[in-house]
Amino acid sequence: MVRIRLRRLGRTHRPFYRVAAIDSRKARDSRVIEELGYYDPINADESKQYSLKRERIAYWISVGAQPSDTVRGLIRRCDAAASAS
């Protein structure tokens with residue numbers, strides 16, 4: 001099964017995450033199928049904290065990929081920000 005989850009990058013005490021489609025049997029930071037965006041929780045400007053490729057995420061969900069709880073929350077935030085604009 002394919003999962004849409006976060007892949008940790010960055011240095012110690014300065015996390016940076018990429019949203020990626022990964023086989024659920026693989027490790028968190030292993031090889032990805034496709035990069036789908038990023039999440040930077042340290043960035044002070046909330047509009048620059050995340051960027052998602054929503055059409056590609058919708059595609060992966062349509063073919064059976066399951067987003068993690070954190071990614072599901074990011075998708076909701078992205079949709080809320082898009083509808084507020």
# chains A, B, ... in the order shown; residues from 1 in each chain; ligands from 1

call {"tool": "residues_around", "arguments": {"residues": "stretch 72-82 of chain A", "least_positions_apart": "3", "cutoff": "9 Å", "atoms": "only C-alpha atoms", "output": "PyMOL selection string"}}
result
chain A and resi 4+39+47+50-52+54+57+67-69+85

call {"tool": "residues_around", "arguments": {"residues": "A:Ser30", "least_positions_apart": "6", "cutoff": "10 Å", "atoms": "only C-alpha atoms", "output": "short mmCIF file (atom, residue, chain, number, x, y, z; two decimals) with N, CA and C atoms, in the first residue's frame"}}
result
data_model
loop_
_atom_site.label_atom_id
_atom_site.label_comp_id
_atom_site.auth_asym_id
_atom_site.auth_seq_id
_atom_site.Cartn_x
_atom_site.Cartn_y
_atom_site.Cartn_z
N ARG A 7 8.62 13.10 5.12
CA ARG A 7 9.98 12.60 5.10
C ARG A 7 10.85 13.69 5.71
N ILE A 22 5.13 7.15 -0.50
CA ILE A 22 6.12 6.13 -0.16
C ILE A 22 5.40 4.81 0.09
N ASP A 23 6.03 3.71 -0.28
CA ASP A 23 5.50 2.39 0.04
C ASP A 23 5.45 2.26 1.57
#

call {"tool": "select_by_dssp", "arguments": {"residues": "chain A", "states": "helix (DSSP H, G or I)", "output": "PyMOL selection string"}}
result
chain A and resi 46-48+54-62+69-84

call {"tool": "closest_residue", "arguments": {"among": "A:Ser24, A:Thr70, A:Gly64, A:Phe16", "to": "A:Asn43", "atoms": "only C-alpha atoms"}}
result
A:Phe16

call {"tool": "closest_residue", "arguments": {"among": "A:Ile33, A:Ala20, A:Ala27, A:Ala84", "to": "A:Lys53", "atoms": "only C-alpha atoms"}}
result
A:Ala20
